[in-house]
Amino acid sequence: MTAQPIRYSTDLETVRDKEPETISGLIEQFDTILETTAKNYGHAVRSVHAKAHGIIEAEMVVKPDLPPELAQGLFATPGTHKAFMRLSTNAGDILPDAVSLPRGMALKVLDVQGQRLPDAEGSTQDFVMVNGPVFQAPNAEKFLSSLKLLAKTTDKMEGTKVVMSSVLQTVNKGLEAVGVSSPAIQSLGGAPDVDPLGETYFSVTPFRYGDYVAKFRLKPVSPDLTKRTGTEIDVSVREDAIRETVRAEMQETHGVWEFQVQLCRDLEKQPIEDPTVEWKEDDAPFVTVATITAHPQDSWSDEKVQKVDEEMRFSIWTGLTDHQPLGNINRARKETYRHSAEFRAKFNGCPFHEPAA
């Protein structure tokens, strides 16, 4: 029998010692990445997930008649919302696709009504997800150690990165063959070069879900998407092979994803403060609360690139109080995301716009 969902309360979070110092350290390392890439490109890009592979316009339809524990926040009211999806790779520099890193999916849902988080402009709700269920670091201090290494290698030894990525992919495939998956190896460049349209994306970290606590998942369900699940793209010849592949595929793709919620039911098995622990589906099942549909389109038109890739920011702290990010990693992401976006806006002379419905 599945346990009852845990109710949200402020005492679910445990603030670590020296969190402000750690956040300052993260911002300092992000500055190194931002300044290095902006100088080299003559244009500021995101400090993480800099390279986009596609911009997709879509619609989210919130299901009617959800049970009370699922009818929360954005999902409390049935209806249709316009949405933007940004497919990306997680590095802070624009690398050839042969350097294989985890895929990202940023989702911005428009016209979301309700009490908003502090400093959350507009009326949108953002979800930022990756194609794996766990984060590579248990807390911001450990992540800072990894980020220092990343900052030192930003935009350096590109050829070496390609070779190292190939080696790490081989190692990772060897581990998977014996039933082991390594998020650490994948985060360093050992992720397979899979088609992002077929991937399942996870919030990785927990969030408030109205009266409860949850993680989120975006799962492809239409045949045009599922036939690409696990399909690898040949990136050996073209630096932007993934973007070009997605653009060609989206010309005739009818994409449907299910937006799913995984309610926390046991704080020992589903901890709030350690995102390296996977919440197992047997203990906390995913349930669909909305569908997202995208019709055939040009996923890399000049208009979309300017409107979404350049003029929008995606942050887990843009949204409703009912979907407040929880845990040490999420708390650290608030100021670092904003700092990165403000650097980019100032350098490029392009302020950000939260789109209206």
# chains A, B, ... in the order shown; residues from 1 in each chain; ligands from 1
call {"tool": "residues_around", "arguments": {"residues": "Glu354 (chain A)", "least_positions_apart": "2", "cutoff": "7 Å", "atoms": "only C-alpha atoms", "output": "PDB file with N, CA, C and O atoms, in the first residue's frame"}}
result
ATOM      1  N   GLU A 121       9.109  37.823 -11.464  1.00  0.00           N
ATOM      2  CA  GLU A 121       8.391  38.741 -12.324  1.00  0.00           C
ATOM      3  C   GLU A 121       7.366  38.006 -13.169  1.00  0.00           C
ATOM      4  O   GLU A 121       7.421  36.798 -13.336  1.00  0.00           O
ATOM      5  N   GLY A 122       6.435  38.783 -13.749  1.00  0.00           N
ATOM      6  CA  GLY A 122       5.508  38.252 -14.740  1.00  0.00           C
ATOM      7  C   GLY A 122       4.480  37.295 -14.179  1.00  0.00           C
ATOM      8  O   GLY A 122       4.159  37.303 -12.990  1.00  0.00           O
ATOM      9  N   MET A 312      14.747  35.626 -23.074  1.00  0.00           N
ATOM     10  CA  MET A 312      14.119  35.024 -21.902  1.00  0.00           C
ATOM     11  C   MET A 312      15.171  34.412 -20.993  1.00  0.00           C
ATOM     12  O   MET A 312      16.234  33.992 -21.450  1.00  0.00           O
ATOM     13  N   PHE A 352      15.662  41.183 -20.176  1.00  0.00           N
ATOM     14  CA  PHE A 352      14.820  40.007 -20.286  1.00  0.00           C
ATOM     15  C   PHE A 352      13.349  40.352 -20.205  1.00  0.00           C
ATOM     16  O   PHE A 352      12.958  41.335 -19.584  1.00  0.00           O
ATOM     17  N   ALA A 356       3.844  37.446 -21.908  1.00  0.00           N
ATOM     18  CA  ALA A 356       2.446  37.422 -21.505  1.00  0.00           C
ATOM     19  C   ALA A 356       1.718  36.372 -22.332  1.00  0.00           C
ATOM     20  O   ALA A 356       2.219  35.885 -23.341  1.00  0.00           O
TER      21      ALA A 356
END
call {"tool": "select_by_dssp", "arguments": {"residues": "region 196-341 of chain A", "states": "alpha helix (DSSP H)", "output": "number ranges by chain"}}
result
A: 223-226, 241-250, 302-304, 328-341
call {"tool": "residues_around", "arguments": {"residues": "region 331-342 of chain A", "least_positions_apart": "4", "cutoff": "7 Å", "atoms": "only C-alpha atoms", "output": "PyMOL selection string"}}
result
chain A and resi 23+26-27+46-47+140+313+315+317+326-327+346
call {"tool": "closest_residue", "arguments": {"among": "A:Leu147, A:Leu117, A:Ala3, A:Ala52", "to": "Thr32 (chain A)", "atoms": "only C-alpha atoms"}}
result
A:Leu147
call {"tool": "select_by_dssp", "arguments": {"residues": "region 168-318 of chain A", "states": "strand (DSSP E)", "output": "MDAnalysis selection string"}}
result
chainID A and resid 201:202 207:209 212:220 255:263 286:294
call {"tool": "write_last_selection", "arguments": {"atoms": "N, CA, C and O atoms", "output": "short mmCIF file (atom, residue, chain, number, x, y, z; two decimals), in the first residue's frame"}}
result
data_model
loop_
_atom_site.label_atom_id
_atom_site.label_comp_id
_atom_site.auth_asym_id
_atom_site.auth_seq_id
_atom_site.Cartn_x
_atom_site.Cartn_y
_atom_site.Cartn_z
N TYR A 201 12.76 13.80 -18.96
CA TYR A 201 13.46 14.84 -18.20
C TYR A 201 12.91 14.91 -16.78
O TYR A 201 11.71 14.76 -16.55
N PHE A 202 13.82 15.15 -15.83
CA PHE A 202 13.51 15.14 -14.40
C PHE A 202 13.88 16.47 -13.75
O PHE A 202 14.92 17.06 -14.08
N PHE A 207 10.38 20.19 -4.88
CA PHE A 207 9.68 21.47 -4.85
C PHE A 207 8.43 21.35 -3.99
O PHE A 207 7.87 20.27 -3.83
N ARG A 208 8.03 22.48 -3.48
CA ARG A 208 6.71 22.52 -2.84
C ARG A 208 5.67 22.24 -3.92
O ARG A 208 5.80 22.67 -5.07
N TYR A 209 4.65 21.49 -3.55
CA TYR A 209 3.55 21.21 -4.47
C TYR A 209 2.26 21.56 -3.74
O TYR A 209 1.50 20.70 -3.31
N TYR A 212 1.75 19.93 -0.44
CA TYR A 212 2.61 18.74 -0.39
C TYR A 212 4.00 19.05 -0.95
O TYR A 212 4.37 20.21 -1.10
N VAL A 213 4.79 18.02 -1.24
CA VAL A 213 6.15 18.16 -1.77
C VAL A 213 6.29 17.17 -2.92
O VAL A 213 5.79 16.04 -2.83
N ALA A 214 6.98 17.59 -3.99
CA ALA A 214 7.06 16.70 -5.14
C ALA A 214 8.32 16.95 -5.96
O ALA A 214 8.97 17.99 -5.86
N LYS A 215 8.67 15.95 -6.78
CA LYS A 215 9.57 16.12 -7.90
C LYS A 215 8.74 16.00 -9.18
O LYS A 215 7.62 15.48 -9.16
N PHE A 216 9.31 16.48 -10.30
CA PHE A 216 8.57 16.50 -11.55
C PHE A 216 9.29 15.69 -12.63
O PHE A 216 10.52 15.52 -12.58
N ARG A 217 8.52 15.23 -13.60
CA ARG A 217 9.09 14.50 -14.72
C ARG A 217 8.31 14.85 -15.99
O ARG A 217 7.09 15.00 -15.96
N LEU A 218 9.02 14.96 -17.10
CA LEU A 218 8.41 15.19 -18.41
C LEU A 218 8.74 14.00 -19.29
O LEU A 218 9.91 13.77 -19.62
N LYS A 219 7.70 13.24 -19.65
CA LYS A 219 7.90 11.95 -20.32
C LYS A 219 7.30 11.97 -21.72
O LYS A 219 6.13 12.31 -21.90
N PRO A 220 8.10 11.63 -22.76
CA PRO A 220 7.55 11.59 -24.12
C PRO A 220 6.59 10.41 -24.28
O PRO A 220 6.88 9.30 -23.83
N GLY A 255 4.55 16.12 -31.25
CA GLY A 255 5.11 15.76 -29.96
C GLY A 255 4.10 15.87 -28.84
O GLY A 255 3.44 16.90 -28.70
N VAL A 256 3.98 14.82 -28.06
CA VAL A 256 3.15 14.85 -26.84
C VAL A 256 3.98 14.31 -25.68
O VAL A 256 4.55 13.23 -25.78
N TRP A 257 4.05 15.11 -24.63
CA TRP A 257 4.73 14.71 -23.40
C TRP A 257 3.70 14.69 -22.26
O TRP A 257 2.75 15.49 -22.26
N GLU A 258 3.91 13.83 -21.28
CA GLU A 258 3.11 13.88 -20.05
C GLU A 258 3.93 14.57 -18.97
O GLU A 258 5.10 14.21 -18.74
N PHE A 259 3.35 15.58 -18.35
CA PHE A 259 3.98 16.23 -17.20
C PHE A 259 3.50 15.49 -15.96
O PHE A 259 2.30 15.44 -15.68
N GLN A 260 4.46 14.92 -15.22
CA GLN A 260 4.12 14.04 -14.11
C GLN A 260 4.66 14.55 -12.77
O GLN A 260 5.69 15.24 -12.73
N VAL A 261 3.97 14.18 -11.73
CA VAL A 261 4.30 14.60 -10.37
C VAL A 261 4.59 13.37 -9.52
O VAL A 261 3.87 12.37 -9.59
N GLN A 262 5.66 13.45 -8.71
CA GLN A 262 6.04 12.36 -7.80
C GLN A 262 5.98 12.91 -6.38
O GLN A 262 6.89 13.60 -5.93
N LEU A 263 4.90 12.64 -5.68
CA LEU A 263 4.72 13.16 -4.33
C LEU A 263 5.64 12.46 -3.33
O LEU A 263 5.77 11.22 -3.35
N PHE A 286 5.05 8.19 -10.07
CA PHE A 286 4.77 9.37 -10.86
C PHE A 286 3.33 9.30 -11.37
O PHE A 286 2.85 8.24 -11.79
N VAL A 287 2.65 10.45 -11.33
CA VAL A 287 1.26 10.53 -11.80
C VAL A 287 1.14 11.72 -12.76
O VAL A 287 1.67 12.80 -12.49
N THR A 288 0.45 11.51 -13.87
CA THR A 288 0.31 12.57 -14.88
C THR A 288 -0.73 13.60 -14.44
O THR A 288 -1.86 13.24 -14.08
N VAL A 289 -0.33 14.89 -14.49
CA VAL A 289 -1.26 15.97 -14.13
C VAL A 289 -1.54 16.90 -15.31
O VAL A 289 -2.46 17.72 -15.27
N ALA A 290 -0.74 16.77 -16.39
CA ALA A 290 -0.94 17.63 -17.56
C ALA A 290 -0.28 16.98 -18.77
O ALA A 290 0.59 16.10 -18.62
N THR A 291 -0.68 17.40 -19.94
CA THR A 291 0.00 16.99 -21.17
C THR A 291 0.53 18.23 -21.88
O THR A 291 -0.06 19.32 -21.77
N ILE A 292 1.64 18.06 -22.58
CA ILE A 292 2.22 19.14 -23.38
C ILE A 292 2.27 18.67 -24.82
O ILE A 292 2.77 17.57 -25.10
N THR A 293 1.74 19.48 -25.72
CA THR A 293 1.65 19.11 -27.13
C THR A 293 2.36 20.16 -27.98
O THR A 293 2.16 21.37 -27.79
N ALA A 294 3.18 19.68 -28.91
CA ALA A 294 3.85 20.55 -29.87
C ALA A 294 3.60 20.02 -31.27
O ALA A 294 3.80 18.84 -31.54
#
call {"tool": "closest_residue", "arguments": {"among": "A:Ile316, A:Val109, A:Ile55, A:Val237", "to": "Pro196 (chain A)", "atoms": "only C-alpha atoms"}}
result
A:Ile55
call {"tool": "atom_distance", "arguments": {"atom1": "CA of Ser123 (chain A)", "atom2": "CA of Asn330 (chain A)"}}
result
20.6 Å
call {"tool": "atom_distance", "arguments": {"atom1": "CA of Asp302 (chain A)", "atom2": "CA of Gly54 (chain A)"}}
result
11.4 Å
call {"tool": "atom_distance", "arguments": {"atom1": "CA of Arg86 (chain A)", "atom2": "CA of Met105 (chain A)"}}
result
5.6 Å
call {"tool": "residues_around", "arguments": {"residues": "Arg228 (chain A)", "least_positions_apart": "6", "cutoff": "9 Å", "atoms": "only C-alpha atoms", "output": "PyMOL selection string"}}
result
chain A and resi 194-199
call {"tool": "residues_around", "arguments": {"residues": "Thr253 (chain A)", "least_positions_apart": "3", "cutoff": "12 Å", "atoms": "only C-alpha atoms", "output": "list in words"}}
result
Ile56, Leu197, Gly198, Ser222, Pro223, Asp224, Leu225, Thr226, Lys227, Arg228, Thr245, Val246, Arg247, Ala248, Glu249, Met250, Val256, Thr293, Ala294, His295, Pro296, Gln297, Asp298 and Ser299 of chain A
call {"tool": "write_last_selection", "arguments": {"atoms": "N, CA and C atoms", "output": "mmCIF file, in the first residue's frame"}}
result
data_model
loop_
_atom_site.group_PDB
_atom_site.id
_atom_site.type_symbol
_atom_site.label_atom_id
_atom_site.label_comp_id
_atom_site.auth_asym_id
_atom_site.auth_seq_id
_atom_site.Cartn_x
_atom_site.Cartn_y
_atom_site.Cartn_z
ATOM 1 N N ILE A 56 10.978 25.129 -28.869
ATOM 2 C CA ILE A 56 9.711 24.550 -29.301
ATOM 3 C C ILE A 56 8.549 25.289 -28.638
ATOM 4 N N LEU A 197 14.802 14.716 -28.298
ATOM 5 C CA LEU A 197 13.348 14.635 -28.446
ATOM 6 C C LEU A 197 12.783 13.339 -27.861
ATOM 7 N N GLY A 198 13.607 12.319 -27.700
ATOM 8 C CA GLY A 198 13.115 11.052 -27.154
ATOM 9 C C GLY A 198 13.375 10.865 -25.678
ATOM 10 N N SER A 222 4.091 10.397 -27.374
ATOM 11 C CA SER A 222 3.614 10.221 -28.752
ATOM 12 C C SER A 222 4.629 9.394 -29.544
ATOM 13 N N PRO A 223 4.159 8.603 -30.519
ATOM 14 C CA PRO A 223 5.072 7.756 -31.300
ATOM 15 C C PRO A 223 6.205 8.527 -31.969
ATOM 16 N N ASP A 224 5.946 9.759 -32.410
ATOM 17 C CA ASP A 224 6.993 10.555 -33.054
ATOM 18 C C ASP A 224 8.154 10.848 -32.104
ATOM 19 N N LEU A 225 7.882 10.831 -30.794
ATOM 20 C CA LEU A 225 8.933 11.057 -29.797
ATOM 21 C C LEU A 225 9.526 9.739 -29.308
ATOM 22 N N THR A 226 8.676 8.787 -28.952
ATOM 23 C CA THR A 226 9.174 7.551 -28.347
ATOM 24 C C THR A 226 10.025 6.730 -29.320
ATOM 25 N N LYS A 227 9.796 6.873 -30.617
ATOM 26 C CA LYS A 227 10.627 6.135 -31.575
ATOM 27 C C LYS A 227 12.069 6.651 -31.574
ATOM 28 N N ARG A 228 12.281 7.820 -30.955
ATOM 29 C CA ARG A 228 13.628 8.390 -30.899
ATOM 30 C C ARG A 228 14.294 8.171 -29.539
ATOM 31 N N THR A 245 19.624 18.025 -36.389
ATOM 32 C CA THR A 245 18.760 16.844 -36.385
ATOM 33 C C THR A 245 17.389 17.178 -35.804
ATOM 34 N N VAL A 246 17.385 17.859 -34.655
ATOM 35 C CA VAL A 246 16.120 18.240 -34.020
ATOM 36 C C VAL A 246 15.310 19.139 -34.957
ATOM 37 N N ARG A 247 15.987 20.076 -35.619
ATOM 38 C CA ARG A 247 15.279 20.998 -36.523
ATOM 39 C C ARG A 247 14.617 20.238 -37.673
ATOM 40 N N ALA A 248 15.347 19.283 -38.238
ATOM 41 C CA ALA A 248 14.784 18.483 -39.335
ATOM 42 C C ALA A 248 13.619 17.626 -38.835
ATOM 43 N N GLU A 249 13.780 17.020 -37.651
ATOM 44 C CA GLU A 249 12.740 16.142 -37.125
ATOM 45 C C GLU A 249 11.472 16.907 -36.751
ATOM 46 N N MET A 250 11.639 18.119 -36.178
ATOM 47 C CA MET A 250 10.472 18.875 -35.724
ATOM 48 C C MET A 250 9.617 19.390 -36.883
ATOM 49 N N VAL A 256 3.981 14.819 -28.057
ATOM 50 C CA VAL A 256 3.150 14.852 -26.844
ATOM 51 C C VAL A 256 3.977 14.312 -25.681
ATOM 52 N N THR A 293 1.738 19.480 -25.717
ATOM 53 C CA THR A 293 1.652 19.112 -27.126
ATOM 54 C C THR A 293 2.356 20.160 -27.980
ATOM 55 N N ALA A 294 3.178 19.680 -28.909
ATOM 56 C CA ALA A 294 3.853 20.554 -29.866
ATOM 57 C C ALA A 294 3.599 20.021 -31.269
ATOM 58 N N HIS A 295 3.152 20.898 -32.155
ATOM 59 C CA HIS A 295 2.885 20.520 -33.540
ATOM 60 C C HIS A 295 4.145 20.745 -34.384
ATOM 61 N N PRO A 296 4.191 20.194 -35.601
ATOM 62 C CA PRO A 296 5.352 20.408 -36.468
ATOM 63 C C PRO A 296 5.672 21.897 -36.619
ATOM 64 N N GLN A 297 6.980 22.223 -36.558
ATOM 65 C CA GLN A 297 7.410 23.622 -36.572
ATOM 66 C C GLN A 297 8.893 23.711 -36.847
ATOM 67 N N ASP A 298 9.352 24.944 -37.094
ATOM 68 C CA ASP A 298 10.785 25.217 -37.218
ATOM 69 C C ASP A 298 11.316 25.483 -35.813
ATOM 70 N N SER A 299 12.157 24.594 -35.317
ATOM 71 C CA SER A 299 12.628 24.708 -33.927
ATOM 72 C C SER A 299 13.871 25.584 -33.784
#
call {"tool": "closest_residue", "arguments": {"among": "A:Ala83, A:Ser88, A:Glu35, A:Tyr41", "to": "Ala58 (chain A)", "atoms": "only C-alpha atoms"}}
result
A:Ala83
call {"tool": "residues_around", "arguments": {"residues": "Pro64 (chain A)", "least_positions_apart": "2", "cutoff": "10 Å", "atoms": "only C-alpha atoms", "output": "number ranges by chain"}}
result
A: 61-62, 66-67, 71, 75-79, 289-290
call {"tool": "closest_residue", "arguments": {"among": "A:Pro192, A:Gly42, A:Pro20, A:Gly114", "to": "Phe347 (chain A)", "atoms": "only C-alpha atoms"}}
result
A:Gly42
call {"tool": "closest_residue", "arguments": {"among": "A:Met60, A:Leu95, A:Val134, A:Val221", "to": "Leu110 (chain A)", "atoms": "only C-alpha atoms"}}
result
A:Met60
